[in-house]
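Peer 1: Have a look at this one before I ask anything.
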Amino acid sequence: MRTFYMIYLLLLNGLQRRTLSPSSSSLPFGLLRLANKQINWQLVLARSVRDDFGSVIGKCQVPKDPNPQWRRVAWSHDCTLMAYADSTGTVRLFDLMGSELFVILPAVSFPGDFSCAVAGLIFLEYTASTQWSAELLVITYGGGLKSYLVSVGTNQNFQENHSFSFSAHYSHGITSAIYHPVHRLLLVGGCESGDDSTSKASCCGITAWRTLSGSPHYKQVTSYEDDVNTNQKRGFFRIPSFRLFSRQGDEKDGVFRMSLSPDGMLLSVIHFSGRLSLWDIPSLKQRATWSQDQQPGFEEINPEWKTSLERRKKIKDKEQYYPLEDVSWWSENVLILARCSGSVTVSSVRTLRNLLGKSCEWFEPSPRVTAAHDGGFLSLECEVKLAQKRGRLESNLSGGASEDEEADDGGDSDSDDESSAKARYFGYIKQGLYYVTEMERFAPPRKRPRTVIKNYRLVSLRSTTPEELYQRKIDNEEYGEALSLAQAYNLDSDLVYQRQWRKSTVSIASIQDYLSKIRKRSWVLHECVERVPENVDAAKELLQYGLKGTDLEALIAIGNREDGGRFIMPGDVDLDDLPYEDMPSDNEELGIKKERENKKRRELLAKVDFSRLTLEQKELCRSRLKLLSYLDRLATYEESNMQALDFLFTYHGAELLQHRLAILYNFPETTSPHEYTILLPEACLDERDELVLIPWDEQRHREMDWCETEECRAVLDQNLFDDDSFLYEETPELLRFRTATPSIQLLTDWYQSRAQDIDSCSRQVDCALSLVRLGKEREIPGLELLCDDLVTMETLVYETSCELNLTLKDLQQLSNNDKLRLLMKNSSTECYVKDVFQWMVPFLHRCERQKEGAAKSLLEEYLVSLAQRDLSLPLIIFQHSKPDASIRTLTSTSCQQKIIGDPDQLMVVALECIYSCERDDQLSLSYDILECLPQRGYGPETDITASLHDQVDKLEKHLSVVEVLEKHGLQKPISYVKNSQSSEEEAHQLMVKLCRHTGRKNPPVSETVWRGLLQDLLDMQQNVYTCLKPETCHQVFVESLLCSSRMENVRLAGQLMHCSMVNQDVPVSLSFRGKGYALKVAYNNSVELVLAAAREYFNSSTTLTDPCMGLARACLQLITDCPPAIQEELDLISALSQLEDFNVSILPLQVRLRSVRLSLIEECIAQCSTAYKQSTTLLNLASLLRVAGDDETMRKGQVLILLAEQALQCLDFKASYIHCQDLMAAGYSPAWEVCSLLGQCEGYGNLDARQELLAFSLTHCPPDNIHGLLTASSDLQTQVALYLPL
């Protein structure tokens, strides 16, 4: 089935109901009157049935039309195109999304003449060509018809197909047109013809036209008699008559609206006069007709109008609301009729009886209706409201109406003053005077504009069953009508009371009004068991009502099958009411009544055979057990807080004691355990001196009910208690505590877990500590360590405030030393003693209880860790541990107690702290600590004590060494002295550092200081560094003097050395005479020290004139007998001046490091071109440089070779020959090469000398060179022979 669409019309310009005079148009007056009553609209919205018309799928914005009631809208056969025509006859085509495709303009249009307006807008399926999508018929009220071919898509366009005119048949134009696709008939309606000779349909203005494929395209379907009568009355030159109706008495009846039945067999027609007629199709035979007066309910007016003052004014002329406004079809035999009054009925085609019931459905005036689809139809209505009247001043200031305002029409808005005849008379006079004089004083009062508010609604009416309507009434909370339907159609009235019960709060009234009227027992019992009222009283009432319906009377009725599934209430006697309510009666009357009830119960119980209970009886018993259980719990619930739990465990122990630990575990962590002390598990010693749990003292609320007996429970085969697994769904770890008789180990585990949970969840350490202490009071073992940790935690959190984010789990993972450091972390120096006694001492005592000796080791570790960084805080500890000393603290209680009471421990810790200090500025604090230690003879003497005193004495010596070092500006930690006292190497290095540090001081120290330094060195050696000899100290001291870069220190060092082998020494300075000073450094050591100092100064010099060079010379001159080593250093210094003379730029250190000293001679020769003439100087320099070591012959030969070569290069053959002669005279064989060169030199004219040179070369040359030299010698001899005289 094609998807059904509905056009939703919205009004933008207001509801237009202008009454047009017949002279303004050629159309029938009846048509104008009914058309003006229609809903006007300006905007077209498309909605789909797929979502129940809930959303807009297309929006077509159209131009504003002053006469919107003359518009038309039509859908194409496939619902893809929509055509829209305005009051001028302009047609616009839109697609499904609301986009405008094209516009078809009318041929002629005159303002105010609606003959060009469209009376019929019809889409036909076009199959002749694929170029066009559909055929559109546009039929005007004037009788003109035009056919257009339209296409969409890429070639969207339109084309006029043909035209036709109905004016020859309808002189006053047509009023309605519809198309019958099955019979291909165009049904046209207009004014009645008044010709009795024609058929009944034609007389009433209804004709049928068959569509043709060619001209004339339309042919009226008539009988033979109609054709004959028509030809007789029609002349050749007959002109169509357009009568102008000027009086209402001349008005003719005609067709206003037509509608085809779903099967196309019937045609319903609304006439101008309000008459309704039915016609057979295609014969157009009248089936039935009803004038307006004959139509049932035509004169009915909306009952709501009678209560509205504004509506009552408008219904003075009721007749204007009687006519039919719209007609459609519900089915083939049922019509949908809509009137101007707003009434909509679904009526039978035979009698027009309203099938909806006695009353019609009321809408706003003049609704529009659609044909039925999917069991319902749609109605469009417009609610018109006037805004509140504005004040006169506001109206005058506004100056007129805005675009959204309209003046009231006609008598609908006349004021009360104008209602009288006198007011109207004077009004007419003033109006006439105004037209004559045009004076403002006679101007009629301007009517104040009123704002019109219009609400449009698209309402769906659907067919339904009594059950569906009944459910809808219940959903809409129309309970009275729902009960009437239930009574009329024999429906289940329980649904009404169930809905009312669920929407109301539980009370005695709601139970009586709703719950007591529900017959279904299972539903009532379910509500009694599952419903949770808002207060205790209501819950009690509900439970008691359930118990009344589950008593023995109901049980017996179910067994006798007399209940029918109904909720049965007992007689006058309520067996279970008495135990829960206090009856105002004396004891005697109460006893008599109780005895009577017990007798009645025994009689009823005798009728019950529990072994043969039916399923329904068992279910009743189960429900009663639940109700009794809930009522008992409710009685318990009325107790307060912790008392309620005590009450629960006492009276519901069988159910709850197994969950006791889990329930206590779920108490708020911020609740103090002292508030629920009575609930905590407790242990005690039994006869065998074993710890066991003290059981809970259980009691009962009331006497046992008949359904709680073992006989009944055995038949029910029901668990005595509810499923309690939900208690552990979120915390399954608590399942291990689910037992009514926990073991002692489990209790210990519970206390520990609960304390840790309190701390982790709430950080309430005091609550966790209180719980553990309460557990210890209740003889629960294994809580001591946890208690100690919580005490420490409490101190950390509430007193020290050092680690607020620390948890118990974190604390337990720390060592005791870390815990102690945390305790004392934020303690200031001023409050340190108080904090020690308040925090540290109790912590040490707790550790001592856990493990013997832990306090001593822990305190020692803590103080040593402090001493590594600073001795200030350990000093405070030692000062308040000093034997027999008056200790001043902030509290009087701590004055008489010592932190470290054992003298031996005090000495051990003090020694460890001092030696562990890594800083070099703690000497004074170390001496203060030393003052706190006990003297020899204090307390009992033991070997350990004596050993400790020895260690303290040694510490004092170590401190003296540190003091010496600090005095001379060389600070060292005390541990350094202890670690280096046995190492000769480290001790020697320390002495050297001390002396060198003193020598580098600026300004230089005096001789007195040096004297004191020597004495300090000797004291250090004597007291601590016994691994060294006193001579070593002297040697280090002298070495430092020599290396101090001060000439006076060098001379002073000479007084402390043996400077000659023959002891010809410089006298010792008076300042060094005395004990230890007469000792001098041995001669050999003195030489070594002098050489080392001189070489250091020499190597550090940059030039010969550097001051260090003078210091080096001064050091060397201290040794008076000048041994070879000293002389060599002095010669090296002298050589520097000669190298400088030859312009050789070189550092002294480079000279010393030059392995081949001959290269320095070569550099001198290279720097001076006449160096070969200074052989004596160069030979002396070579001697100073120790060229060739101590081999003077080689030294002289090497130098002379260099000089001979330079002379030869300078062509100074004579000088070269002189040097060669010296070489030959010395017999220096390596000189053969330079002699060979000079002997073979042709420029040298002394042939004899040359022969001598070659002869020396032949004598000392290698064998490989002999042949060449012989040749040269032979040539020279030949030359000599040639030059000899004959």
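Chains: A, B, ... in order of the structure tokens. Residues: from 1 per chain. Ligands: from 1, in order shown.
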Find the residues near range 259-270 of chain A: any atom within 8 Å, counting only C-alpha atoms, skip ones fewer than 3 places away on the same chain, and give them as a list in words.
Peer 2: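 Near range 259-270 of chain A, the qualifying residues are Ile178, His180, Val182, Val255, Phe256, Gly274, Arg275, Leu276, Ser277, Leu278, Trp279, Asp280, Ile281, Pro282, Leu324, Glu325, Asp326, Val327, Ser328, Trp329, Ser331 and Glu332 of chain A.
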Peer 1: Atoms to include: N, CA and C atoms. Write the selected residues as an mmCIF file, in the first residue's frame.
Peer 2:
```
data_model
loop_
_atom_site.group_PDB
_atom_site.id
_atom_site.type_symbol
_atom_site.label_atom_id
_atom_site.label_comp_id
_atom_site.auth_asym_id
_atom_site.auth_seq_id
_atom_site.Cartn_x
_atom_site.Cartn_y
_atom_site.Cartn_z
ATOM 1 N N ILE A 178 -13.882 16.236 -8.599
ATOM 2 C CA ILE A 178 -13.043 15.132 -8.153
ATOM 3 C C ILE A 178 -12.930 14.142 -9.307
ATOM 4 N N HIS A 180 -12.467 10.044 -10.574
ATOM 5 C CA HIS A 180 -12.651 8.631 -10.246
ATOM 6 C C HIS A 180 -11.705 7.839 -11.128
ATOM 7 N N VAL A 182 -10.883 4.626 -11.347
ATOM 8 C CA VAL A 182 -11.300 3.313 -11.852
ATOM 9 C C VAL A 182 -12.154 3.485 -13.113
ATOM 10 N N VAL A 255 -23.625 22.379 -5.134
ATOM 11 C CA VAL A 255 -22.660 21.448 -4.534
ATOM 12 C C VAL A 255 -21.524 22.247 -3.898
ATOM 13 N N PHE A 256 -21.247 21.966 -2.621
ATOM 14 C CA PHE A 256 -20.114 22.604 -1.937
ATOM 15 C C PHE A 256 -18.905 21.669 -1.848
ATOM 16 N N GLY A 274 -26.804 22.981 3.277
ATOM 17 C CA GLY A 274 -26.527 22.086 4.380
ATOM 18 C C GLY A 274 -27.053 20.702 4.157
ATOM 19 N N ARG A 275 -27.685 20.454 3.046
ATOM 20 C CA ARG A 275 -28.214 19.137 2.740
ATOM 21 C C ARG A 275 -27.075 18.189 2.418
ATOM 22 N N LEU A 276 -27.261 16.910 2.750
ATOM 23 C CA LEU A 276 -26.296 15.847 2.478
ATOM 24 C C LEU A 276 -26.985 14.821 1.607
ATOM 25 N N SER A 277 -26.290 14.443 0.498
ATOM 26 C CA SER A 277 -26.875 13.461 -0.413
ATOM 27 C C SER A 277 -25.846 12.411 -0.751
ATOM 28 N N LEU A 278 -26.343 11.191 -1.080
ATOM 29 C CA LEU A 278 -25.492 10.076 -1.468
ATOM 30 C C LEU A 278 -25.901 9.620 -2.857
ATOM 31 N N TRP A 279 -24.914 9.304 -3.724
ATOM 32 C CA TRP A 279 -25.168 8.939 -5.108
ATOM 33 C C TRP A 279 -24.369 7.690 -5.445
ATOM 34 N N ASP A 280 -25.006 6.857 -6.283
ATOM 35 C CA ASP A 280 -24.304 5.684 -6.791
ATOM 36 C C ASP A 280 -23.401 6.086 -7.935
ATOM 37 N N ILE A 281 -22.263 5.426 -7.990
ATOM 38 C CA ILE A 281 -21.285 5.670 -9.067
ATOM 39 C C ILE A 281 -21.127 4.365 -9.832
ATOM 40 N N PRO A 282 -21.153 4.423 -11.196
ATOM 41 C CA PRO A 282 -21.130 5.640 -12.042
ATOM 42 C C PRO A 282 -22.513 6.089 -12.527
ATOM 43 N N LEU A 324 -22.965 21.596 7.387
ATOM 44 C CA LEU A 324 -21.815 20.713 7.252
ATOM 45 C C LEU A 324 -20.676 21.461 6.576
ATOM 46 N N GLU A 325 -19.464 21.234 7.055
ATOM 47 C CA GLU A 325 -18.287 21.907 6.517
ATOM 48 C C GLU A 325 -17.402 20.948 5.720
ATOM 49 N N ASP A 326 -17.373 19.682 6.119
ATOM 50 C CA ASP A 326 -16.496 18.731 5.433
ATOM 51 C C ASP A 326 -17.107 17.344 5.575
ATOM 52 N N VAL A 327 -16.789 16.467 4.593
ATOM 53 C CA VAL A 327 -17.274 15.109 4.596
ATOM 54 C C VAL A 327 -16.187 14.197 4.070
ATOM 55 N N SER A 328 -16.079 13.012 4.665
ATOM 56 C CA SER A 328 -15.130 12.011 4.202
ATOM 57 C C SER A 328 -15.697 10.652 4.592
ATOM 58 N N TRP A 329 -14.894 9.614 4.337
ATOM 59 C CA TRP A 329 -15.407 8.262 4.537
ATOM 60 C C TRP A 329 -14.549 7.519 5.556
ATOM 61 N N SER A 331 -15.506 4.098 6.082
ATOM 62 C CA SER A 331 -15.501 2.838 5.336
ATOM 63 C C SER A 331 -16.541 2.956 4.236
ATOM 64 N N GLU A 332 -16.827 1.847 3.567
ATOM 65 C CA GLU A 332 -17.766 1.894 2.455
ATOM 66 C C GLU A 332 -19.181 2.289 2.902
#
```
Peer 1: Considering only C-alpha atoms, return as a VMD selection string whatever protein or nucleic-acid residues lie within 12 Å of Leu811 in chain A, sequence-local ones (same chain, fewer than 3 positions apart) excluded.
Peer 2: chain A and resid 756 759 to 760 786 788 to 794 796 to 797 803 to 808 814 to 820 822 to 823
Peer 1: Considering only C-alpha atoms, can you say which of A:Thr211, A:Asn302, A:Ser924, A:Thr550 comes closest to Val344 in chain A?
Peer 2: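 Closest candidate: A:Asn302.
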Peer 1: So which one's closest to Ile511 in chain A, A:Leu491, A:Cys1235, A:Gln544, A:Phe298? Using only C-alpha atoms, please.
Peer 2: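 Smallest distance to Ile511 in chain A is found for A:Gln544.
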Peer 1: For CA of Glu364 in chain A and CA of Leu461 in chain A, quote the distance in Å rounded to one decimal.
Peer 2: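 Taking CA of Glu364 in chain A as the start and CA of Leu461 in chain A as the end point, the length is 14.8 Å.
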Peer 1: From a DSSP pass on the backbone, collect the residues of range 712-849 of chain A flagged as helix (DSSP H, G or I) and hand them back as a ChimeraX atom specification.
Peer 2: /A:712-716,725-728,732-737,744-762,765-777,784-800,808-812,816-823,832-849
Peer 1: Please identify all polymer residues within 12 Å of Asp950 in chain A, counting only C-alpha atoms, omitting same-chain residues fewer than 6 positions from it, and present them as a list in words.
Peer 2: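 In the requested format, the answer is Met907, Val908, Leu911, Gln935, Arg936, Asp943, Ile944, Glu956 and Lys957 of chain A.
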Peer 1: Point out the residue among A:Leu124, A:Cys116, A:Cys1115, A:Leu1079 with the least atom-to-atom distance to Gly89 in chain A, counting only C-alpha atoms.
Peer 2: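 Between A:Leu124, A:Cys116, A:Cys1115, A:Leu1079, the residue approaching Gly89 in chain A most closely is A:Cys116.
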Peer 1: To one decimal place in Å, what is the distance between CA of Ala119 in chain A and CA of Ser171 in chain A?
Peer 2: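 Computed distance, CA of Ala119 in chain A to CA of Ser171 in chain A, equals 15.1 Å.
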Peer 1: Could you tell me how far CA of Glu861 in chain A lies from CA of Cys847 in chain A, in Å and to one decimal?
Peer 2: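 CA of Cys847 in chain A lies at a distance of 13.7 Å from CA of Glu861 in chain A.
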Peer 1: Nearest to Ser828 in chain A: which of A:Arg846, A:Ile876, A:Leu542, A:Lys1001 is it, counting only C-alpha atoms?
Peer 2: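 Looking only at the distances to Ser828 in chain A, the closest residue turns out to be A:Ile876.
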